[in-house]
$ cat run.txt   # compact mmCIF, C-alpha atoms and all ligand atoms
# COMPACT_ATOMS: atom_id res chain seq x y z
CA MET A 1 12.71 -69.87 13.86
CA GLN A 2 10.87 -72.00 11.31
CA THR A 3 13.01 -73.49 8.54
CA LYS A 4 11.89 -72.98 4.92
CA LYS A 5 10.93 -76.67 4.76
CA GLU A 6 8.78 -76.42 7.90
CA LYS A 7 7.16 -73.26 6.58
CA ASN A 8 6.26 -74.98 3.30
CA ARG A 9 4.89 -78.00 5.19
CA ASN A 10 2.72 -75.76 7.40
CA GLU A 11 1.49 -73.86 4.37
CA THR A 12 0.56 -77.12 2.61
CA SER A 13 -1.36 -78.42 5.63
CA ARG A 14 -3.14 -75.07 5.97
CA GLN A 15 -4.22 -75.22 2.32
CA THR A 16 -5.38 -78.85 2.74
CA PHE A 17 -7.38 -77.87 5.81
CA ILE A 18 -9.02 -74.95 3.99
CA GLU A 19 -9.93 -77.13 1.01
CA SER A 20 -11.51 -79.84 3.18
CA TYR A 21 -13.38 -77.23 5.22
CA ILE A 22 -14.79 -75.69 2.04
CA ASN A 23 -15.73 -79.14 0.67
CA ASP A 24 -17.56 -79.99 3.91
CA LYS A 25 -19.43 -76.73 3.69
CA ARG A 26 -20.41 -77.45 0.11
CA LYS A 27 -21.71 -80.89 1.07
CA ASN A 28 -23.70 -79.69 4.05
CA LYS A 29 -25.15 -76.57 2.53
CA SER A 30 -26.07 -75.47 -0.96
CA PRO A 31 -23.92 -76.34 -3.94
CA THR A 32 -23.19 -72.67 -4.48
CA PHE A 33 -20.42 -72.00 -2.03
CA LYS A 34 -20.79 -68.82 -0.02
CA ILE A 35 -19.10 -67.65 3.11
CA SER A 36 -20.83 -65.61 5.78
CA PRO A 37 -18.20 -64.04 8.06
CA GLU A 38 -19.23 -61.61 10.77
CA PRO A 39 -17.15 -59.25 12.94
CA VAL A 40 -15.15 -61.05 15.63
CA VAL A 41 -14.89 -58.08 17.98
CA LYS A 42 -17.26 -55.31 19.02
CA TRP A 43 -15.54 -52.06 18.12
CA ALA A 44 -16.36 -48.45 18.98
CA GLY A 45 -17.84 -46.89 15.86
CA GLY A 46 -18.68 -50.30 14.37
CA LYS A 47 -20.62 -49.93 11.11
CA ARG A 48 -22.92 -52.93 11.27
CA GLY A 49 -26.05 -50.86 11.82
CA LEU A 50 -25.34 -48.57 8.87
CA ILE A 51 -24.55 -51.02 6.12
CA GLU A 52 -28.10 -51.12 4.84
CA GLN A 53 -27.98 -47.37 4.25
CA TYR A 54 -24.53 -47.65 2.63
CA SER A 55 -25.30 -50.59 0.37
CA ARG A 56 -26.64 -48.71 -2.66
CA TYR A 57 -23.40 -46.74 -2.91
CA PHE A 58 -20.96 -49.67 -2.88
CA PRO A 59 -19.43 -50.21 -6.33
CA SER A 60 -20.67 -53.47 -7.83
CA ASN A 61 -17.29 -54.32 -9.26
CA PHE A 62 -13.79 -53.30 -8.25
CA ASN A 63 -10.26 -54.65 -8.24
CA TYR A 64 -8.44 -54.42 -4.91
CA TYR A 65 -10.27 -53.51 -1.70
CA PHE A 66 -8.52 -51.34 0.93
CA GLU A 67 -9.79 -50.73 4.46
CA PRO A 68 -7.15 -48.84 6.47
CA PHE A 69 -9.14 -48.07 9.66
CA PHE A 70 -10.22 -51.68 10.02
CA GLY A 71 -11.47 -51.97 13.64
CA GLY A 72 -14.21 -54.62 13.68
CA GLY A 73 -14.28 -54.63 9.87
CA ALA A 74 -18.08 -54.69 9.44
CA VAL A 75 -17.95 -53.35 5.87
CA PHE A 76 -15.24 -55.79 4.76
CA PHE A 77 -17.13 -58.79 6.15
CA HIS A 78 -20.33 -57.61 4.51
CA LEU A 79 -18.67 -57.22 1.10
CA SER A 80 -16.95 -60.57 1.61
CA SER A 81 -20.22 -62.36 2.20
CA LEU A 82 -21.56 -60.84 -1.01
CA GLY A 83 -18.57 -62.35 -2.80
CA LEU A 84 -17.38 -58.92 -3.91
CA ILE A 85 -13.83 -59.10 -2.56
CA LYS A 86 -11.20 -60.69 -4.75
CA LYS A 87 -8.05 -59.26 -3.19
CA ALA A 88 -7.68 -56.88 -0.30
CA LYS A 89 -5.40 -55.05 2.04
CA ILE A 90 -6.71 -54.30 5.53
CA SER A 91 -4.85 -52.39 8.23
CA ASP A 92 -5.14 -50.54 11.49
CA ILE A 93 -2.76 -48.70 13.79
CA ASN A 94 -3.74 -51.06 16.65
CA SER A 95 -1.16 -53.88 16.64
CA GLU A 96 -3.07 -56.17 19.06
CA LEU A 97 -6.10 -56.06 16.80
CA ILE A 98 -4.05 -56.73 13.66
CA ASN A 99 -2.22 -59.61 15.37
CA MET A 100 -5.65 -61.18 16.00
CA TYR A 101 -6.62 -61.05 12.32
CA ILE A 102 -3.27 -62.48 11.23
CA VAL A 103 -3.70 -65.36 13.70
CA ILE A 104 -7.25 -66.01 12.44
CA ARG A 105 -6.00 -66.03 8.84
CA ASP A 106 -2.98 -68.28 9.43
CA ASN A 107 -3.66 -70.26 12.59
CA VAL A 108 -7.37 -70.42 13.33
CA GLU A 109 -7.43 -73.99 14.68
CA GLU A 110 -4.75 -73.24 17.28
CA LEU A 111 -6.71 -70.16 18.31
CA ILE A 112 -9.95 -72.14 18.69
CA PHE A 113 -8.08 -74.80 20.68
CA GLU A 114 -6.75 -72.11 23.03
CA LEU A 115 -10.16 -70.42 23.42
CA LYS A 116 -11.65 -73.83 24.33
CA SER A 117 -8.96 -74.53 26.94
CA GLY A 118 -11.30 -73.64 29.82
CA LYS A 119 -9.39 -70.52 30.74
CA TYR A 120 -11.62 -67.95 29.03
CA TYR A 121 -14.82 -67.70 31.10
CA ASN A 122 -16.72 -64.64 32.25
CA ASP A 123 -15.78 -64.01 35.86
CA LYS A 124 -14.48 -60.84 37.49
CA GLU A 125 -11.40 -62.38 39.10
CA GLN A 126 -10.50 -64.29 35.96
CA TYR A 127 -11.00 -61.13 33.89
CA TYR A 128 -8.46 -59.14 35.94
CA LYS A 129 -6.06 -62.09 35.92
CA ILE A 130 -6.13 -62.35 32.13
CA ARG A 131 -6.06 -58.55 31.76
CA ALA A 132 -2.80 -58.46 33.77
CA GLU A 133 -1.10 -61.02 31.55
CA GLU A 134 1.29 -59.95 28.83
CA PRO A 135 1.73 -62.96 26.56
CA ASN A 136 4.19 -62.80 23.68
CA ASP A 137 2.82 -65.72 21.73
CA PRO A 138 0.57 -64.41 18.90
CA VAL A 139 -2.13 -67.08 19.48
CA LEU A 140 -2.31 -66.28 23.22
CA ARG A 141 -2.44 -62.55 22.45
CA ALA A 142 -5.32 -63.08 20.00
CA ALA A 143 -7.28 -65.26 22.47
CA ARG A 144 -6.74 -62.66 25.21
CA LEU A 145 -8.02 -59.84 22.99
CA ILE A 146 -11.15 -61.78 21.99
CA TYR A 147 -11.80 -62.64 25.66
CA LEU A 148 -11.28 -59.10 26.96
CA ASN A 149 -13.39 -57.61 24.16
CA HIS A 150 -16.39 -59.75 25.16
CA THR A 151 -16.11 -59.35 28.92
CA CYS A 152 -14.84 -55.78 29.44
CA PHE A 153 -16.98 -52.71 29.97
CA ASN A 154 -18.93 -51.95 26.75
CA GLY A 155 -16.41 -53.83 24.60
CA LEU A 156 -14.12 -50.80 24.70
CA TYR A 157 -10.46 -50.85 23.76
CA ARG A 158 -8.33 -48.45 25.77
CA VAL A 159 -4.73 -48.57 26.95
CA ASN A 160 -2.84 -46.47 29.49
CA LYS A 161 0.34 -44.51 28.82
CA LYS A 162 2.41 -47.67 29.15
CA GLY A 163 0.24 -49.32 26.50
CA LYS A 164 -1.49 -51.66 29.00
CA PHE A 165 -5.17 -52.47 28.41
CA ASN A 166 -7.05 -50.76 31.28
CA VAL A 167 -10.79 -51.13 30.63
CA PRO A 168 -12.67 -52.37 33.75
CA TYR A 169 -14.72 -55.55 33.95
CA GLY A 170 -18.08 -55.33 32.14
CA ARG A 171 -21.59 -56.19 33.13
CA TYR A 172 -22.53 -59.16 31.01
CA PRO A 173 -24.41 -62.35 31.92
CA LYS A 174 -22.10 -65.08 33.29
CA ASP A 175 -22.68 -67.19 30.20
CA VAL A 176 -21.96 -64.43 27.67
CA LYS A 177 -20.65 -65.89 24.41
CA ILE A 178 -16.92 -65.17 24.18
CA PHE A 179 -16.35 -66.56 20.69
CA ASP A 180 -18.11 -68.31 17.86
CA GLU A 181 -16.06 -71.20 16.53
CA ASN A 182 -17.87 -71.42 13.19
CA ASN A 183 -17.65 -67.72 12.59
CA LEU A 184 -13.90 -67.77 13.28
CA ARG A 185 -13.55 -70.27 10.44
CA GLU A 186 -15.72 -68.19 8.13
CA VAL A 187 -13.54 -65.19 8.94
CA MET A 188 -10.44 -67.28 8.28
CA LEU A 189 -11.78 -68.04 4.78
CA SER A 190 -12.59 -64.40 4.12
CA LEU A 191 -9.02 -63.42 5.04
CA GLN A 192 -7.26 -65.73 2.59
CA ASN A 193 -5.52 -63.59 -0.06
CA VAL A 194 -5.78 -60.60 2.22
CA GLU A 195 -2.74 -58.55 3.18
CA ILE A 196 -3.00 -57.52 6.84
CA THR A 197 -0.74 -54.79 8.22
CA VAL A 198 -0.19 -52.46 11.17
CA GLU A 199 0.07 -49.15 9.37
CA ASP A 200 -0.98 -45.56 9.29
CA PHE A 201 -3.84 -45.03 6.82
CA GLU A 202 -1.82 -42.89 4.39
CA GLU A 203 0.92 -45.49 4.00
CA SER A 204 -1.64 -48.28 3.73
CA VAL A 205 -3.37 -46.92 0.61
CA LYS A 206 -0.26 -45.73 -1.25
CA GLU A 207 -0.51 -48.56 -3.80
CA ALA A 208 -4.22 -48.09 -4.57
CA LYS A 209 -4.89 -47.73 -8.30
CA LYS A 210 -7.71 -46.82 -10.65
CA GLY A 211 -10.63 -49.23 -10.21
CA ASP A 212 -9.70 -50.14 -6.62
CA PHE A 213 -12.17 -49.48 -3.78
CA VAL A 214 -10.98 -47.69 -0.62
CA TYR A 215 -13.26 -47.41 2.41
CA PHE A 216 -12.23 -45.03 5.23
CA ASP A 217 -13.81 -45.19 8.68
CA PRO A 218 -11.58 -42.93 10.81
CA PRO A 219 -12.12 -41.87 14.41
CA TYR A 220 -14.86 -39.26 14.00
CA ALA A 221 -14.36 -35.50 14.26
CA PRO A 222 -16.10 -34.35 17.48
CA LEU A 223 -19.54 -32.83 16.95
CA THR A 224 -19.54 -30.01 19.42
CA LYS A 225 -17.11 -27.15 19.80
CA THR A 226 -16.68 -27.99 23.48
CA ALA A 227 -15.66 -31.57 22.71
CA ASP A 228 -12.33 -30.26 21.47
CA PHE A 229 -9.99 -32.12 19.22
CA THR A 230 -7.34 -32.52 21.88
CA SER A 231 -9.47 -35.21 23.55
CA TYR A 232 -8.90 -37.22 20.39
CA THR A 233 -5.15 -36.85 20.28
CA LYS A 234 -4.76 -39.81 22.67
CA GLU A 235 -5.81 -41.87 19.68
CA GLY A 236 -3.63 -39.67 17.50
CA PHE A 237 -6.54 -38.33 15.47
CA GLY A 238 -6.89 -34.57 15.75
CA GLU A 239 -7.73 -31.80 13.35
CA ASN A 240 -4.46 -32.21 11.42
CA GLU A 241 -5.19 -35.90 10.90
CA GLN A 242 -8.65 -35.09 9.51
CA LYS A 243 -7.04 -32.63 7.09
CA ARG A 244 -4.38 -35.18 6.08
CA LEU A 245 -7.12 -37.75 5.47
CA ALA A 246 -9.11 -35.31 3.30
CA GLU A 247 -5.99 -34.75 1.21
CA VAL A 248 -5.46 -38.52 0.78
CA PHE A 249 -9.16 -38.89 -0.13
CA ARG A 250 -8.75 -36.26 -2.87
CA GLN A 251 -5.58 -37.89 -4.26
CA LEU A 252 -7.29 -41.29 -4.48
CA CYS A 253 -10.25 -39.73 -6.33
CA ASP A 254 -7.82 -38.15 -8.79
CA LYS A 255 -6.27 -41.57 -9.42
CA GLY A 256 -9.70 -42.97 -10.33
CA CYS A 257 -10.28 -45.10 -7.22
CA TYR A 258 -13.74 -45.62 -5.78
CA VAL A 259 -13.52 -43.92 -2.38
CA MET A 260 -16.00 -43.90 0.47
CA GLU A 261 -15.62 -42.36 3.92
CA SER A 262 -17.79 -42.36 7.04
CA ASN A 263 -17.47 -39.42 9.39
CA SER A 264 -19.48 -37.28 11.79
CA SER A 265 -21.56 -34.35 10.61
CA ALA A 266 -19.15 -31.85 12.25
CA GLN A 267 -18.77 -28.58 10.34
CA ILE A 268 -15.07 -29.21 9.71
CA ILE A 269 -15.92 -32.39 7.78
CA LYS A 270 -18.54 -30.59 5.67
CA ASP A 271 -15.91 -27.93 4.91
CA LEU A 272 -13.07 -30.35 4.16
CA TYR A 273 -15.19 -32.36 1.71
CA SER A 274 -17.36 -29.57 0.29
CA GLU A 275 -16.38 -30.46 -3.30
CA PHE A 276 -17.64 -34.07 -2.93
CA ASN A 277 -21.03 -35.71 -2.75
CA ILE A 278 -22.04 -36.07 0.86
CA ILE A 279 -24.91 -38.32 1.91
CA THR A 280 -26.50 -37.96 5.35
CA VAL A 281 -27.27 -41.25 7.10
CA ARG A 282 -29.06 -41.83 10.39
CA ALA A 283 -27.16 -43.81 13.03
CA LYS A 284 -28.69 -45.22 16.20
CA ARG A 285 -25.91 -44.05 18.47
CA TYR A 286 -25.82 -42.92 22.02
CA ILE A 287 -25.63 -39.12 22.24
CA ASN A 288 -25.59 -36.99 25.39
CA SER A 289 -28.79 -35.08 24.67
CA ASP A 290 -30.70 -38.32 24.15
CA PRO A 291 -29.68 -40.87 26.79
CA SER A 292 -32.07 -43.45 25.38
CA GLY A 293 -30.12 -43.27 22.10
CA ARG A 294 -33.41 -43.87 20.32
CA LYS A 295 -33.46 -40.75 18.22
CA GLY A 296 -30.05 -41.41 16.76
CA VAL A 297 -27.67 -39.01 15.17
CA ASP A 298 -26.87 -37.82 11.65
CA GLU A 299 -23.62 -39.04 10.20
CA LEU A 300 -22.01 -38.46 6.82
CA LEU A 301 -21.02 -40.74 4.01
CA ILE A 302 -18.63 -39.04 1.61
CA LEU A 303 -18.37 -40.40 -1.92
CA SER A 304 -15.92 -40.07 -4.78
CA PRO A 305 -17.61 -38.73 -7.93
CA ASN A 306 -17.39 -42.11 -9.75
CA LEU A 307 -19.39 -43.78 -6.94
CA LEU A 308 -22.43 -41.59 -7.30
CA GLU A 309 -22.43 -42.27 -11.02
CA SER A 310 -22.51 -46.01 -10.39
CA ALA A 311 -25.28 -45.76 -7.71
C1 LIG A 401 -14.09 -45.91 13.89
S1 LIG A 401 -12.92 -47.17 14.14
C2 LIG A 401 -13.28 -48.24 12.81
C3 LIG A 401 -14.54 -49.04 13.04
C4 LIG A 401 -14.75 -50.15 12.00
N1 LIG A 401 -15.05 -49.62 10.68
C5 LIG A 401 -15.85 -51.12 12.41
O1 LIG A 401 -16.86 -51.33 11.69
O2 LIG A 401 -15.71 -51.72 13.50
C6 LIG A 401 -11.41 -46.40 13.76
C7 LIG A 401 -10.15 -47.29 13.75
O3 LIG A 401 -9.06 -46.48 13.26
C8 LIG A 401 -7.85 -46.88 13.91
N2 LIG A 401 -6.90 -45.76 13.73
C9 LIG A 401 -6.78 -44.61 14.44
N3 LIG A 401 -5.82 -43.81 13.93
C10 LIG A 401 -5.32 -44.45 12.84
C11 LIG A 401 -4.33 -44.13 11.84
N4 LIG A 401 -3.66 -42.99 11.89
N5 LIG A 401 -4.10 -45.02 10.85
C12 LIG A 401 -4.78 -46.20 10.80
N6 LIG A 401 -5.73 -46.56 11.70
C13 LIG A 401 -6.00 -45.70 12.70
C14 LIG A 401 -8.27 -47.20 15.32
O4 LIG A 401 -7.36 -48.12 15.91
C15 LIG A 401 -9.69 -47.80 15.10
O5 LIG A 401 -9.63 -49.22 15.04
$ encode --input "run.txt" --output "structure tokens" --more "lines below"
Ligand SMILES: C[S@@+](CC[C@H](N)C(=O)[O-])C[C@H]1O[C@@H](n2cnc3c(N)ncnc32)[C@H](O)[C@@H]1O
Amino acid sequence: MQTKKEKNRNETSRQTFIESYINDKRKNKSPTFKISPEPVVKWAGGKRGLIEQYSRYFPSNFNYYFEPFFGGGAVFFHLSSLGLIKKAKISDINSELINMYIVIRDNVEELIFELKSGKYYNDKEQYYKIRAEEPNDPVLRAARLIYLNHTCFNGLYRVNKKGKFNVPYGRYPKDVKIFDENNLREVMLSLQNVEITVEDFEESVKEAKKGDFVYFDPPYAPLTKTADFTSYTKEGFGENEQKRLAEVFRQLCDKGCYVMESNSSAQIIKDLYSEFNIITVRAKRYINSDPSGRKGVDELLILSPNLLESA
């Protein structure tokens, strides 16, 4: 256990490090200081490719930012690089993922040191060795997640019933980039003043108030009737969860928050949000009927009434 004195000393050296990092950045780049963080992990349903279509609907000014289905956090990092985020709370139900963000926020240099230790290289045997490990130390857990995410099959995250990561080895070039040291520091800067929690979405946004911006990116409702909801319950997101989310969405709108949600164009979503403004966006995603994935698929962006007014 850290004593209070040690904690204060660590906090002071962290602040000193951040200040000198920012000063170096200012010297080397333009005088107007800007950060440019990008997602650290590839995440199923990542929103990078859609941000351009979303951008005209983002509020230009808001108080707190909430993102309770954080995943790879593409929207947060985008808003951060525009300088729009003053204070934020980000969360996800996935505790390994959240541990990684906390480590990046509070301990990025130790994480970079670990990732550079020579242990994290793309090789099948090494992959299965690291996959089998169960470190307790937060820094080792974060390094392991970043490594597995960049070397496993399709960057998927899946665990078995015992909670053990079970995605097989992926097919990437031997020299695939596992991490980007500079980006980790940019992400560290973007996470200062950010509350980071492992939480269910409903709990996470309880404190949201008028003028705050809440962005929801839940696991999507399945598009076809045959792809039944039960296949989603492994992730704990079935029909009841979609209904619970729609109720939370409505409550936040009533409070006067700016609320935005991405979801699939499944009929249940159109029904649950029929009273709101729904924008159709085109995503370049893999779908069964189009193996090339070139045609893409329609997805929905649901907006609180005050967002459309500000667009
Ligand atoms: C579609 S992904 C988010 C993708 C993210 N926006 C991005 O750009 O990478 C959905 C996330 O919701 C999380 N999740 C699932 N059920 C949840 C719940 N009940 N509460 C909070 N998060 C949940 C999953 O762990 C997953 O990271």
$ closest_residue --input "run.txt" --among "A:Val41, A:Leu272, A:Ile102, A:Leu115" --to "ligand LIG 401 (chain A)" --atoms "all atoms listed in the file"
A:Val41
$ closest_atom_pairs --input "run.txt" --of "chain A" --to "ligand LIG 401 (chain A)" --cutoff "7 Å" --atoms "only C-alpha atoms and all ligand atoms" --output "Markdown table"
| residue | atom | partner | partner_atom | distance |
| --- | --- | --- | --- | --- |
| A:Lys42 | CA | A:LIG401 | O2 | 6.8 |
| A:Trp43 | CA | A:LIG401 | O2 | 4.6 |
| A:Ala44 | CA | A:LIG401 | S1 | 6.1 |
| A:Gly45 | CA | A:LIG401 | C1 | 4.3 |
| A:Gly46 | CA | A:LIG401 | O1 | 3.4 |
| A:Lys47 | CA | A:LIG401 | O1 | 4.1 |
| A:Arg48 | CA | A:LIG401 | O1 | 6.3 |
| A:Pro68 | CA | A:LIG401 | C12 | 5.6 |
| A:Phe69 | CA | A:LIG401 | O3 | 3.9 |
| A:Phe70 | CA | A:LIG401 | C4 | 5.2 |
| A:Gly71 | CA | A:LIG401 | O5 | 3.6 |
| A:Gly72 | CA | A:LIG401 | O2 | 3.3 |
| A:Gly73 | CA | A:LIG401 | O1 | 4.6 |
| A:Ala74 | CA | A:LIG401 | O1 | 4.2 |
| A:Val75 | CA | A:LIG401 | O1 | 6.3 |
| A:Ser91 | CA | A:LIG401 | C12 | 6.7 |
| A:Asp92 | CA | A:LIG401 | N6 | 4.0 |
| A:Ile93 | CA | A:LIG401 | N6 | 4.2 |
| A:Asn94 | CA | A:LIG401 | O4 | 4.7 |
| A:Glu199 | CA | A:LIG401 | C12 | 5.9 |
| A:Asp200 | CA | A:LIG401 | N5 | 3.5 |
| A:Phe201 | CA | A:LIG401 | N5 | 4.0 |
| A:Asp217 | CA | A:LIG401 | N1 | 5.0 |
| A:Pro218 | CA | A:LIG401 | C6 | 4.6 |
| A:Pro219 | CA | A:LIG401 | C1 | 4.5 |
| A:Tyr220 | CA | A:LIG401 | C1 | 6.7 |
| A:Glu235 | CA | A:LIG401 | C9 | 6.0 |
| A:Gly236 | CA | A:LIG401 | N3 | 5.9 |
| A:Phe237 | CA | A:LIG401 | N3 | 5.7 |
$ atom_distance --input "run.txt" --atom1 "CA of Tyr101 in chain A" --atom2 "CA of Met260 in chain A"
22.9 Å
$ residues_around --input "run.txt" --residues "Asp271 in chain A" --least-positions-apart "3" --cutoff "12 Å" --atoms "only C-alpha atoms" --output "number ranges by chain"
A: 242-243, 246, 265-268, 274-276, 278, 302
$ residues_around --input "run.txt" --residues "Ser55 in chain A" --least-positions-apart "3" --cutoff "10 Å" --atoms "all atoms listed in the file" --output "JSON, numbers by chain"
{"A": [50, 51, 52, 58, 59, 60, 75, 78, 79, 311]}
$ closest_residue --input "run.txt" --among "A:Asn149, A:Asn63, A:Ser36, A:Asn183" --to "Ile112 in chain A" --atoms "all atoms listed in the file"
A:Asn183
$ decode --input "run.txt" --residues "range 103-125 of chain A" --atoms "N, CA and C atoms" --output "CSV table (one decimal), in the first residue's frame"
chain,number,residue,atom,x,y,z
A,103,VAL,N,-4.3,2.9,-16.5
A,103,VAL,CA,-2.8,2.9,-16.5
A,103,VAL,C,-2.2,3.9,-17.5
A,104,ILE,N,-2.8,4.1,-18.6
A,104,ILE,CA,-2.3,5.1,-19.6
A,104,ILE,C,-2.4,6.5,-18.9
A,105,ARG,N,-3.6,6.8,-18.3
A,105,ARG,CA,-3.7,8.1,-17.6
A,105,ARG,C,-2.7,8.3,-16.5
A,106,ASP,N,-2.5,7.3,-15.7
A,106,ASP,CA,-1.7,7.5,-14.5
A,106,ASP,C,-0.3,7.0,-14.5
A,107,ASN,N,0.1,6.2,-15.5
A,107,ASN,CA,1.3,5.5,-15.4
A,107,ASN,C,1.9,5.2,-16.8
A,108,VAL,N,1.8,6.1,-17.7
A,108,VAL,CA,2.1,5.8,-19.1
A,108,VAL,C,3.6,5.5,-19.3
A,109,GLU,N,4.5,6.1,-18.6
A,109,GLU,CA,5.9,5.8,-18.8
A,109,GLU,C,6.3,4.4,-18.4
A,110,GLU,N,5.7,3.9,-17.3
A,110,GLU,CA,5.9,2.5,-16.9
A,110,GLU,C,5.4,1.5,-18.0
A,111,LEU,N,4.2,1.9,-18.5
A,111,LEU,CA,3.6,1.0,-19.6
A,111,LEU,C,4.5,1.0,-20.8
A,112,ILE,N,5.0,2.2,-21.2
A,112,ILE,CA,5.9,2.2,-22.4
A,112,ILE,C,7.1,1.4,-22.2
A,113,PHE,N,7.7,1.5,-21.0
A,113,PHE,CA,8.9,0.8,-20.6
A,113,PHE,C,8.6,-0.7,-20.7
A,114,GLU,N,7.5,-1.1,-20.2
A,114,GLU,CA,7.2,-2.6,-20.3
A,114,GLU,C,7.0,-3.0,-21.7
A,115,LEU,N,6.3,-2.2,-22.5
A,115,LEU,CA,6.0,-2.6,-23.9
A,115,LEU,C,7.3,-2.7,-24.7
A,116,LYS,N,8.4,-1.9,-24.2
A,116,LYS,CA,9.7,-1.9,-24.9
A,116,LYS,C,10.6,-3.0,-24.4
A,117,SER,N,10.1,-3.8,-23.5
A,117,SER,CA,11.0,-4.7,-22.8
A,117,SER,C,11.5,-5.9,-23.7
A,118,GLY,N,11.0,-6.0,-24.9
A,118,GLY,CA,11.5,-7.0,-25.8
A,118,GLY,C,10.6,-8.3,-25.7
A,119,LYS,N,9.6,-8.3,-24.8
A,119,LYS,CA,8.7,-9.4,-24.7
A,119,LYS,C,7.6,-9.4,-25.7
A,120,TYR,N,7.2,-8.2,-26.1
A,120,TYR,CA,5.9,-8.1,-26.9
A,120,TYR,C,6.2,-8.1,-28.4
A,121,TYR,N,6.5,-9.2,-29.0
A,121,TYR,CA,6.7,-9.3,-30.5
A,121,TYR,C,5.8,-10.3,-31.1
A,122,ASN,N,5.5,-10.1,-32.4
A,122,ASN,CA,4.5,-10.9,-33.1
A,122,ASN,C,5.0,-12.2,-33.5
A,123,ASP,N,4.7,-13.2,-32.8
A,123,ASP,CA,5.1,-14.6,-33.0
A,123,ASP,C,4.1,-15.5,-32.4
A,124,LYS,N,3.8,-16.6,-33.1
A,124,LYS,CA,2.7,-17.5,-32.7
A,124,LYS,C,2.9,-18.0,-31.3
A,125,GLU,N,4.1,-18.6,-31.1
A,125,GLU,CA,4.4,-19.2,-29.8
A,125,GLU,C,4.4,-18.2,-28.6
